[in-house]
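Asker: Got a file for you: my_file.txt, compact mmCIF, C-alpha atoms.
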```
# COMPACT_ATOMS: atom_id res chain seq x y z
CA MET C 1 21.65 -31.62 17.81
CA ASP C 2 20.36 -32.00 14.27
CA ALA C 3 22.98 -33.68 12.11
CA GLU C 4 22.50 -31.06 9.37
CA SER C 5 23.65 -28.25 11.69
CA LEU C 6 26.00 -30.40 13.75
CA LEU C 7 29.22 -28.39 13.43
CA LEU C 8 27.59 -25.15 14.58
CA SER C 9 25.81 -26.90 17.45
CA LEU C 10 29.04 -28.52 18.61
CA GLU C 11 30.75 -25.12 18.61
CA LEU C 12 27.98 -23.68 20.79
CA ALA C 13 28.19 -26.62 23.20
CA SER C 14 31.97 -26.63 23.47
CA GLY C 15 31.91 -23.89 26.12
CA SER C 16 31.19 -26.57 28.73
CA GLY C 17 34.72 -27.91 28.23
CA GLN C 18 33.56 -31.21 26.71
CA GLY C 19 34.23 -30.88 22.99
CA LEU C 20 35.20 -33.20 20.16
CA SER C 21 38.42 -33.25 18.19
CA PRO C 22 38.32 -32.04 14.55
CA ASP C 23 38.75 -35.66 13.38
CA ARG C 24 35.80 -36.82 15.48
CA ARG C 25 33.64 -33.96 14.23
CA ALA C 26 34.39 -34.73 10.60
CA SER C 27 33.75 -38.45 11.07
CA LEU C 28 30.53 -37.77 12.96
CA LEU C 29 29.15 -35.39 10.35
CA THR C 30 29.84 -37.78 7.47
CA SER C 31 28.66 -40.95 9.19
CA LEU C 32 25.40 -39.41 10.46
CA MET C 33 24.53 -38.33 6.92
CA LEU C 34 25.07 -41.93 5.83
CA VAL C 35 22.93 -43.20 8.73
CA LYS C 36 20.13 -40.87 7.63
CA ARG C 37 20.35 -42.14 4.06
CA ASP C 38 20.77 -45.84 4.78
CA TYR C 39 18.06 -46.06 7.45
CA ARG C 40 15.79 -43.60 5.59
CA TYR C 41 15.24 -41.37 8.60
CA ASP C 42 13.58 -37.98 8.22
CA ARG C 43 16.04 -36.46 10.71
CA VAL C 44 19.08 -37.69 12.62
CA LEU C 45 20.01 -36.11 15.95
CA PHE C 46 23.35 -36.37 17.67
CA TRP C 47 22.17 -37.20 21.20
CA GLY C 48 25.54 -36.88 22.93
CA ARG C 49 28.37 -38.86 24.44
CA ILE C 50 28.48 -41.19 27.44
CA LEU C 51 31.96 -41.50 28.89
CA GLY C 52 33.43 -44.94 29.59
CA LEU C 53 36.59 -46.23 31.20
CA VAL C 54 38.14 -47.68 28.04
CA ALA C 55 35.99 -46.05 25.34
CA ASP C 56 33.13 -43.57 25.00
CA TYR C 57 29.68 -44.17 23.55
CA TYR C 58 28.55 -41.70 20.88
CA ILE C 59 24.76 -41.72 20.67
CA ALA C 60 22.51 -40.74 17.76
CA GLN C 61 18.76 -40.98 17.24
CA GLY C 62 16.79 -41.36 14.04
CA LEU C 63 13.35 -39.79 13.69
CA SER C 64 10.64 -40.61 11.19
CA GLU C 65 8.42 -38.04 9.48
CA ASP C 66 6.16 -38.08 12.55
CA GLN C 67 8.53 -36.53 15.09
CA LEU C 68 6.77 -38.17 18.07
CA ALA C 69 6.91 -41.68 16.65
CA PRO C 70 9.26 -43.99 18.59
CA ARG C 71 12.84 -42.94 17.97
CA LYS C 72 15.55 -45.36 16.87
CA THR C 73 18.72 -45.11 18.95
CA LEU C 74 22.18 -45.99 17.67
CA TYR C 75 25.61 -45.97 19.26
CA SER C 76 29.17 -45.84 17.98
CA LEU C 77 32.58 -46.22 19.59
CA ASN C 78 34.49 -44.50 16.79
CA CYS C 79 31.99 -42.04 15.21
CA MET C 80 32.01 -44.07 12.00
CA GLU C 81 30.36 -47.46 12.59
CA TRP C 82 26.90 -47.43 14.17
CA SER C 83 24.91 -50.17 15.89
CA LEU C 84 21.16 -50.06 16.43
CA LEU C 85 19.96 -50.45 20.02
CA PRO C 86 16.72 -52.27 20.92
CA PRO C 87 13.83 -50.26 22.41
CA ALA C 88 13.77 -49.94 26.20
CA THR C 89 11.39 -52.14 28.19
CA ASP C 90 10.17 -52.10 31.80
CA GLU C 91 12.07 -55.34 32.37
CA MET C 92 15.31 -53.65 31.28
CA MET C 93 14.68 -50.76 33.66
CA VAL C 94 14.20 -53.05 36.63
CA GLN C 95 17.12 -55.27 35.68
CA THR C 96 19.64 -52.43 35.25
CA SER C 97 18.52 -50.35 38.25
CA VAL C 98 20.90 -52.33 40.49
CA VAL C 99 23.99 -51.47 38.42
CA LYS C 100 26.08 -48.59 39.75
CA GLY C 101 29.30 -46.88 38.72
CA ARG C 102 30.74 -45.79 35.40
CA PHE C 103 30.33 -47.48 32.05
CA THR C 104 33.30 -49.52 30.89
CA GLY C 105 32.93 -48.66 27.20
CA ASP C 106 32.58 -52.32 26.21
CA PRO C 107 28.97 -53.12 25.16
CA SER C 108 29.56 -56.87 25.67
CA HIS C 109 30.76 -56.39 29.25
CA GLU C 110 28.57 -58.20 31.80
CA TYR C 111 27.88 -56.90 35.29
CA GLU C 112 27.16 -59.47 37.97
CA HIS C 113 24.47 -58.93 40.58
CA THR C 114 23.54 -61.32 43.37
CA GLU C 115 19.89 -61.42 44.39
CA LEU C 116 17.62 -63.64 46.45
CA GLN C 117 15.02 -65.64 44.57
CA LYS C 118 12.24 -67.81 45.99
CA VAL C 119 12.49 -71.49 45.11
CA ASN C 120 9.71 -74.05 45.55
CA ASP C 121 10.79 -77.49 46.73
CA GLY C 122 7.60 -79.46 47.07
CA GLU C 123 5.71 -77.91 49.97
CA LYS C 124 8.70 -75.90 51.12
CA VAL C 125 9.58 -72.43 49.90
CA PHE C 126 13.04 -71.08 50.54
CA GLU C 127 15.33 -68.37 49.23
CA GLU C 128 18.62 -68.89 47.49
CA GLU C 129 21.22 -66.56 46.08
CA VAL C 130 21.30 -66.31 42.30
CA VAL C 131 23.93 -64.47 40.25
CA VAL C 132 22.30 -62.38 37.52
CA GLN C 133 24.38 -61.13 34.59
CA ILE C 134 23.47 -57.80 33.01
CA LYS C 135 25.01 -56.68 29.70
CA GLU C 136 26.33 -53.15 29.44
CA GLU C 137 24.43 -52.68 26.19
CA THR C 138 21.19 -53.26 28.10
CA ARG C 139 22.25 -50.71 30.69
CA LEU C 140 23.03 -48.24 27.90
CA VAL C 141 19.50 -48.61 26.51
CA SER C 142 17.95 -47.99 29.92
CA ILE C 143 20.07 -44.95 30.76
CA ILE C 144 19.37 -43.25 27.42
CA ASP C 145 15.64 -43.83 27.82
CA GLN C 146 15.63 -42.44 31.36
CA ILE C 147 17.54 -39.32 30.31
CA ASP C 148 15.22 -38.80 27.34
CA LYS C 149 12.10 -38.96 29.48
CA ALA C 150 13.54 -36.65 32.13
CA VAL C 151 15.39 -33.92 30.26
CA SER C 152 14.82 -34.11 26.49
CA VAL C 153 13.32 -30.65 25.86
CA ILE C 154 12.17 -28.57 22.88
CA PRO C 155 11.01 -24.94 22.68
CA ARG C 156 7.35 -24.18 22.07
CA GLY C 157 6.70 -23.78 18.36
CA ALA C 158 9.58 -25.93 17.12
CA LEU C 159 7.09 -28.68 16.27
CA PHE C 160 3.45 -28.54 15.26
CA LYS C 161 0.72 -31.15 15.29
CA THR C 162 -1.50 -31.55 12.25
CA PRO C 163 -5.27 -32.08 12.54
CA PHE C 164 -4.70 -35.67 11.40
CA GLY C 165 -2.31 -36.48 14.28
CA PRO C 166 1.29 -36.59 13.00
CA VAL C 167 3.80 -34.12 14.45
CA HIS C 168 6.14 -32.27 12.07
CA VAL C 169 9.04 -29.84 12.26
CA ASN C 170 7.88 -26.23 12.07
CA ARG C 171 10.01 -24.87 9.22
CA THR C 172 8.97 -21.28 10.04
CA PHE C 173 10.19 -21.43 13.65
CA GLU C 174 13.07 -19.00 14.18
CA GLY C 175 13.53 -19.35 17.94
CA LEU C 176 12.01 -17.85 21.07
CA SER C 177 12.05 -14.17 21.88
CA LEU C 178 14.06 -13.04 24.91
CA SER C 179 10.94 -12.69 27.06
CA GLN C 180 9.60 -16.09 26.00
CA ALA C 181 12.96 -17.79 26.57
CA LYS C 182 12.78 -16.89 30.28
CA LYS C 183 9.50 -18.77 30.82
CA LEU C 184 9.24 -22.46 31.65
CA SER C 185 5.92 -22.50 29.78
CA SER C 186 7.93 -21.96 26.57
CA TYR C 187 9.54 -25.40 26.83
CA PHE C 188 8.10 -28.90 26.47
CA HIS C 189 9.27 -32.43 27.23
CA PHE C 190 10.14 -34.06 23.91
CA ARG C 191 8.24 -37.31 24.53
CA GLU C 192 4.69 -38.58 24.57
CA PRO C 193 2.63 -36.39 26.95
CA VAL C 194 1.71 -37.76 30.36
CA GLU C 195 0.34 -34.86 32.41
CA LEU C 196 -1.55 -33.33 29.48
CA LYS C 197 -3.80 -36.37 29.25
CA ASN C 198 -4.93 -35.80 32.86
CA LYS C 199 -6.00 -32.18 32.30
CA THR C 200 -9.68 -31.28 32.24
CA LEU C 201 -11.36 -29.71 29.20
CA LEU C 202 -11.46 -26.41 31.08
CA GLU C 203 -7.70 -26.53 31.66
CA LYS C 204 -7.15 -27.26 27.97
CA ALA C 205 -9.44 -24.45 26.80
CA ASP C 206 -6.64 -21.87 26.42
CA LEU C 207 -4.19 -24.27 24.77
CA ASP C 208 -3.42 -24.23 21.06
CA PRO C 209 -3.85 -27.89 19.98
CA SER C 210 -1.35 -27.46 17.15
CA LEU C 211 1.42 -26.21 19.49
CA ASP C 212 0.52 -27.18 23.07
CA PHE C 213 0.31 -30.95 22.65
CA LEU C 214 3.20 -31.89 24.99
CA ASP C 215 3.87 -31.60 28.73
CA SER C 216 5.14 -28.16 29.72
CA LEU C 217 8.14 -27.83 32.06
CA GLU C 218 6.17 -25.39 34.22
CA HIS C 219 4.07 -28.28 35.55
CA ASP C 220 7.01 -30.45 36.64
CA ILE C 221 7.03 -31.46 40.30
CA PRO C 222 8.65 -30.11 42.40
CA LYS C 223 8.02 -26.67 40.92
CA GLY C 224 10.97 -25.56 38.80
CA CYS C 225 12.98 -28.78 39.30
CA GLY C 226 16.21 -26.90 38.64
CA TRP C 227 14.96 -25.77 35.21
CA THR C 228 14.87 -22.16 36.41
CA ALA C 229 18.58 -22.20 37.15
CA LEU C 230 19.24 -23.82 33.79
CA LEU C 231 17.27 -21.25 31.84
CA GLY C 232 18.27 -18.50 33.66
CA ALA C 233 20.59 -16.65 35.52
CA ASP C 234 22.35 -15.09 32.54
CA PHE C 235 19.31 -13.42 31.03
```
Starting from the file, give its structure as structure tokens.
Answerer:
Amino acid sequence: MDAESLLLSLELASGSGQGLSPDRRASLLTSLMLVKRDYRYDRVLFWGRILGLVADYYIAQGLSEDQLAPRKTLYSLNCMEWSLLPPATDEMMVQTSVVKGRFTGDPSHEYEHTELQKVNDGEKVFEEEVVVQIKEETRLVSIIDQIDKAVSVIPRGALFKTPFGPVHVNRTFEGLSLSQAKKLSSYFHFREPVELKNKTLLEKADLDPSLDFLDSLEHDIPKGCGWTALLGADF
């Protein structure tokens, strides 16, 4: 949700039963405008909320003028004070993959995981149990990155790529038509393309380089991946 149209977007999303109180909405709208100003972002998106046992994480992302440049992710526990999260790494993904269950809502909380590690003692090699501590903040970074890569989606035409490379918001985009909205080919993963780079020149021949520069949902494996149900039954 773009911070500039946040109140309307929250109203549209409230039908799921997970809304925000008027106080939270007001705090969120004001603080995200300040985040945009202070960090000098081109756009600020309200990513969503991750529920915790003692507190919830409110997540926002700052985008630069190039919309596909690495996004900056921030979190807040009160919708007023925001903390910047570090970028996700492969090491974080591996480290946090063993953590299960709900978030506590305390970013300093440490999960404990016992694993076997090989130890060299002269010519002998043996395994010993080592307790590894994993911070909840690290887990938060990993989860947000995984969700982004899997389900962050934009409609075709919302962004356009210039001949020089940067990707910008298409100010003339007014939404998809009813017929287009029913097609998976009208939606793209909002991340750096993966599958597109593996396509042949023949497969790319019918693509518009200014609009079709991301991975389309229609090529996700397995076919559909539940997207059809999401897009569709009410049309």
Asker: Can you list, as a PyMOL selection string, every protein, DNA or RNA residue that comes within 10 Å of stretch 90-99 of chain C when you count all atoms listed in the file, leaving out same-chain residues fewer than 4 positions away?
Answerer: chain C and resi 103+111-115+132-136+138-143+145-146
Asker: Would you write out, as a tab-separated table, a table of all residues in stretch 43-101 of chain C that have an atom no more than 8 Å from an atom of stretch 26-31 of chain C, listing for each the closest atom pair and the distance in Å to one decimal, considering all atoms listed in the file and ordering rows by chain and rising residue number?
Answerer:
```
residue	atom	partner	partner_atom	distance
C:Cys79	CA	C:Leu28	CA	5.0
C:Met80	CA	C:Ser31	CA	5.4
C:Glu81	CA	C:Ser31	CA	7.5
```
Asker: What does the file look like for those residues with C-alpha atoms, as a PDB file, keeping the file's coordinate frame?
Answerer:
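Wrote out21.pdb, looks like this:
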```pdb
ATOM      1  CA  CYS C  79      31.990 -42.040  15.210  1.00  0.00           C
ATOM      2  CA  MET C  80      32.010 -44.070  12.000  1.00  0.00           C
ATOM      3  CA  GLU C  81      30.360 -47.460  12.590  1.00  0.00           C
TER       4      GLU C  81
END
```
Asker: Using only the atoms of stretch 182-196 of chain C listed in the file, plus 8 Å on each side, state the axis-aligned box centre and edge lengths in Å rounded to one decimal, as JSON.
Answerer:
```
{"center_x": 5.6, "center_y": -27.7, "center_z": 28.2, "size_x": 30.3, "size_y": 37.7, "size_z": 24.5}
```
Asker: Using only C-alpha atoms, which residues sit within 7 Å of stretch 46-50 of chain C once same-chain residues fewer than 4 positions away are excluded, as a PyMOL selection string?
Answerer: chain C and resi 1-3+56-61
Asker: Hey, what's within 10 Å of C:Ser152 if we count all atoms listed in the file and toss same-chain stuff fewer than 2 positions away? As a PyMOL selection string, please?
Answerer: chain C and resi 47+145-150+154+188-191
Asker: What does the file look like for those residues with C-alpha atoms, as a tab-separated table (two decimals), in the coordinates of the input?
Answerer:
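File written: result.tsv
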```
chain	number	residue	atom	x	y	z
C	47	TRP	CA	22.17	-37.20	21.20
C	145	ASP	CA	15.64	-43.83	27.82
C	146	GLN	CA	15.63	-42.44	31.36
C	147	ILE	CA	17.54	-39.32	30.31
C	148	ASP	CA	15.22	-38.80	27.34
C	149	LYS	CA	12.10	-38.96	29.48
C	150	ALA	CA	13.54	-36.65	32.13
C	154	ILE	CA	12.17	-28.57	22.88
C	188	PHE	CA	8.10	-28.90	26.47
C	189	HIS	CA	9.27	-32.43	27.23
C	190	PHE	CA	10.14	-34.06	23.91
C	191	ARG	CA	8.24	-37.31	24.53
```
Asker: With a distance cut-off of 6 Å and all atoms listed in the file, select the neighbouring residues of stretch 156-167 of chain C, excluding the residue or stretch itself and same-chain residues fewer than 2 positions from it, and output the selection as number ranges by chain.
Answerer: C: 66-67, 169-170, 173, 186-187, 210-211
Asker: Generate the output file for the selected residues, C-alpha atoms, as a compact mmCIF listing (two decimals), in the frame of the given file.
Answerer:
```txt
# COMPACT_ATOMS: atom_id res chain seq x y z
CA ASP C 66 6.16 -38.08 12.55
CA GLN C 67 8.53 -36.53 15.09
CA VAL C 169 9.04 -29.84 12.26
CA ASN C 170 7.88 -26.23 12.07
CA PHE C 173 10.19 -21.43 13.65
CA SER C 186 7.93 -21.96 26.57
CA TYR C 187 9.54 -25.40 26.83
CA SER C 210 -1.35 -27.46 17.15
CA LEU C 211 1.42 -26.21 19.49
```
Asker: Find the residue from C:Ala69, C:Leu51, C:Ile144, C:Glu128 that sits nearest to C:Gly101; use all atoms listed in the file when measuring.
Answerer: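 The answer is C:Leu51, which sits nearest to C:Gly101.
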Asker: To one decimal place in Å, what is the distance between atom CA of C:Val54 and atom CA of C:Gly105?
Answerer: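 Taking atom CA of C:Val54 as the start and atom CA of C:Gly105 as the end point, the length is 5.4 Å.
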Asker: What separation in Å, quoted to one decimal, exists between atom CA of C:Leu201 and atom CA of C:Leu68?
Answerer: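 Between atom CA of C:Leu201 and atom CA of C:Leu68 the gap works out to 22.9 Å.
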Asker: Write out as JSON, numbers by chain which residues come within 12 Å of C:Asp38 when counting all atoms listed in the file, dropping same-chain ones fewer than 5 positions away.
Answerer: {"C": [31, 32, 33, 44, 62, 82]}
Asker: Could you take the residues named above and write them with C-alpha atoms, as a CSV table (one decimal), in the coordinates of the input?
Answerer:
```csv
chain,number,residue,atom,x,y,z
C,31,SER,CA,28.7,-41.0,9.2
C,32,LEU,CA,25.4,-39.4,10.5
C,33,MET,CA,24.5,-38.3,6.9
C,44,VAL,CA,19.1,-37.7,12.6
C,62,GLY,CA,16.8,-41.4,14.0
C,82,TRP,CA,26.9,-47.4,14.2
```
Asker: Report, in Å to a single decimal, how far apart atom CA of C:Leu77 and atom CA of C:Pro107 are.
Answerer: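 These two atoms are separated by 9.6 Å.
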Asker: C:Pro87, C:Pro155, C:Glu137, C:Tyr41: which is nearest C:Tyr75, counting only C-alpha atoms?
Answerer: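 Closest to C:Tyr75 of all the choices is C:Glu137.
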